[in-house]
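**Q** Sharing data35.cif here; it has mmCIF, C-alpha atoms.
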data_coords
loop_
_atom_site.label_atom_id
_atom_site.label_comp_id
_atom_site.auth_asym_id
_atom_site.auth_seq_id
_atom_site.Cartn_x
_atom_site.Cartn_y
_atom_site.Cartn_z
CA MET A 13 307.48 58.46 126.33
CA ALA A 14 310.07 61.18 125.74
CA VAL A 15 312.95 61.69 128.17
CA THR A 16 312.91 65.20 129.57
CA ILE A 17 315.94 67.30 130.37
CA GLU A 18 315.07 67.12 134.06
CA GLY A 19 315.03 63.33 133.98
CA SER A 20 318.39 63.04 132.27
CA THR A 21 319.87 65.59 134.68
CA ALA A 22 318.65 63.56 137.64
CA ARG A 23 320.17 60.40 136.17
CA TRP A 24 323.45 62.20 135.48
CA LEU A 25 323.55 63.52 139.07
CA ALA A 26 322.77 60.09 140.52
CA ALA A 27 325.46 58.46 138.37
CA SER A 28 327.92 61.16 139.44
CA ALA A 29 327.13 60.46 143.10
CA ALA A 30 327.75 56.75 142.58
CA GLY A 31 331.01 57.49 140.77
CA LEU A 32 332.16 59.78 143.57
CA LEU A 33 331.47 57.07 146.14
CA LEU A 34 333.59 54.73 144.04
CA VAL A 35 336.38 57.34 144.10
CA ASN A 36 335.99 57.45 147.88
CA LEU A 37 336.58 53.71 148.12
CA ILE A 38 339.57 53.89 145.78
CA VAL A 39 341.21 56.65 147.85
CA PHE A 40 340.64 54.59 150.98
CA ALA A 41 342.13 51.45 149.43
CA ILE A 42 345.19 53.19 147.99
CA TRP A 43 346.12 55.71 150.70
CA THR A 44 344.26 55.09 153.97
CA GLN A 45 344.17 51.32 154.42
CA PRO A 46 347.89 50.75 153.75
CA VAL A 47 348.74 53.14 156.59
CA ASN A 48 346.30 51.34 158.88
CA THR A 49 347.96 48.06 157.98
CA VAL A 50 351.56 49.25 158.46
CA THR A 51 350.79 50.81 161.84
CA ASP A 52 348.46 47.98 162.90
CA ASN A 53 345.66 50.54 163.25
CA TRP A 54 347.98 53.00 164.99
CA THR A 55 349.11 50.61 167.72
CA VAL A 56 352.67 50.23 166.35
CA HIS A 57 355.06 53.18 166.14
CA VAL A 58 357.07 53.07 162.91
CA ALA A 59 360.10 55.10 161.80
CA ASN A 60 358.30 57.20 159.17
CA TRP A 61 355.34 57.90 161.43
CA ASP A 62 355.05 61.59 160.47
CA ALA A 63 354.82 60.87 156.74
CA LEU A 64 352.32 58.08 157.29
CA ARG A 65 350.19 60.27 159.55
CA ARG A 66 350.20 63.03 156.93
CA GLN A 67 349.16 60.57 154.20
CA TRP A 68 346.40 59.20 156.43
CA GLU A 69 345.10 62.66 157.31
CA TYR A 70 345.16 63.98 153.73
CA SER A 71 343.36 60.88 152.48
CA HIS A 72 340.62 61.50 155.02
CA ALA A 73 340.37 65.17 154.01
CA VAL A 74 340.07 64.22 150.34
CA ASN A 75 337.46 61.59 151.18
CA ALA A 76 335.46 64.15 153.18
CA ALA A 77 335.35 66.46 150.16
CA VAL A 78 334.47 63.62 147.78
CA THR A 79 331.72 62.38 150.11
CA LEU A 80 330.28 65.90 150.40
CA ALA A 81 330.23 66.20 146.61
CA ALA A 82 328.50 62.80 146.35
CA PHE A 83 325.91 63.85 148.93
CA CYS A 84 325.22 67.11 147.09
CA ALA A 85 324.85 65.30 143.76
CA SER A 86 322.46 62.72 145.21
CA ALA A 87 320.44 65.41 147.02
CA LEU A 88 320.13 67.43 143.82
CA ALA A 89 319.11 64.30 141.91
CA ALA A 90 316.42 63.58 144.49
CA LEU A 91 315.11 67.15 144.29
CA ARG A 92 314.71 67.13 140.52
CA PRO A 93 311.07 67.14 139.39
CA ALA A 94 309.63 63.75 138.52
CA GLU A 95 309.09 62.82 134.89
CA LEU A 96 305.46 62.73 133.88
#
What does this structure look like when you write it as structure tokens?

**A**
Amino acid sequence: MAVTIEGSTARWLAASAAGLLLVNLIVFAIWTQPVNTVTDNWTVHVANWDALRRQWEYSHAVNAAVTLAAFCASALAALRPAEL
């Protein structure tokens, strides 16, 4: 059974979506979670609060874009014609 271009495109899109979700988790672990830990989930006011808030907000904005890209890739993979 030969692999069609459509099938390999769907696999590439699905793999891209999985990779983007991994990027999402990495961004969370490196930039979001440390701020949550330092501020005890925003219940403790720290000296560099403005910088931490900015880091936290930008990490969420980046994750929103990455998640949207992952959703689009997985939706396109699902819409590819099935291999026959």

**Q** Please provide as a list in words all residues within 12 Å of region 42-51 of chain A, with the sequence filter that same-chain residues fewer than 4 positions apart are discarded (counting only C-alpha atoms).

**A**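 Those residues are Val35, Asn36, Leu37, Ile38, Thr55, Val56, His57, Val58, Ala59, Asn60, Trp61, Asp62, Ala63, Leu64, Arg65, Arg66, Gln67, Trp68, Glu69, Tyr70, Ser71, His72, Ala73, Val74 and Asn75 of chain A.
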
**Q** Taking the file as shown, what set of residues would the PyMOL selection byres ((chain A and resi 22-32) around 9) give back, as a PyMOL selection string?

**A** chain A and resi 17-21+33-37+78-79+81-93

**Q** With 8 Å on each side, where is the centre of the axis-aligned box around all listed atoms of region 20-29 of chain A, and how long are its edges in Å to one decimal, as lines of an AutoDock Vina configuration file?

**A**
center_x = 323.2
center_y = 62.0
center_z = 137.7
size_x = 25.5
size_y = 23.1
size_z = 26.8
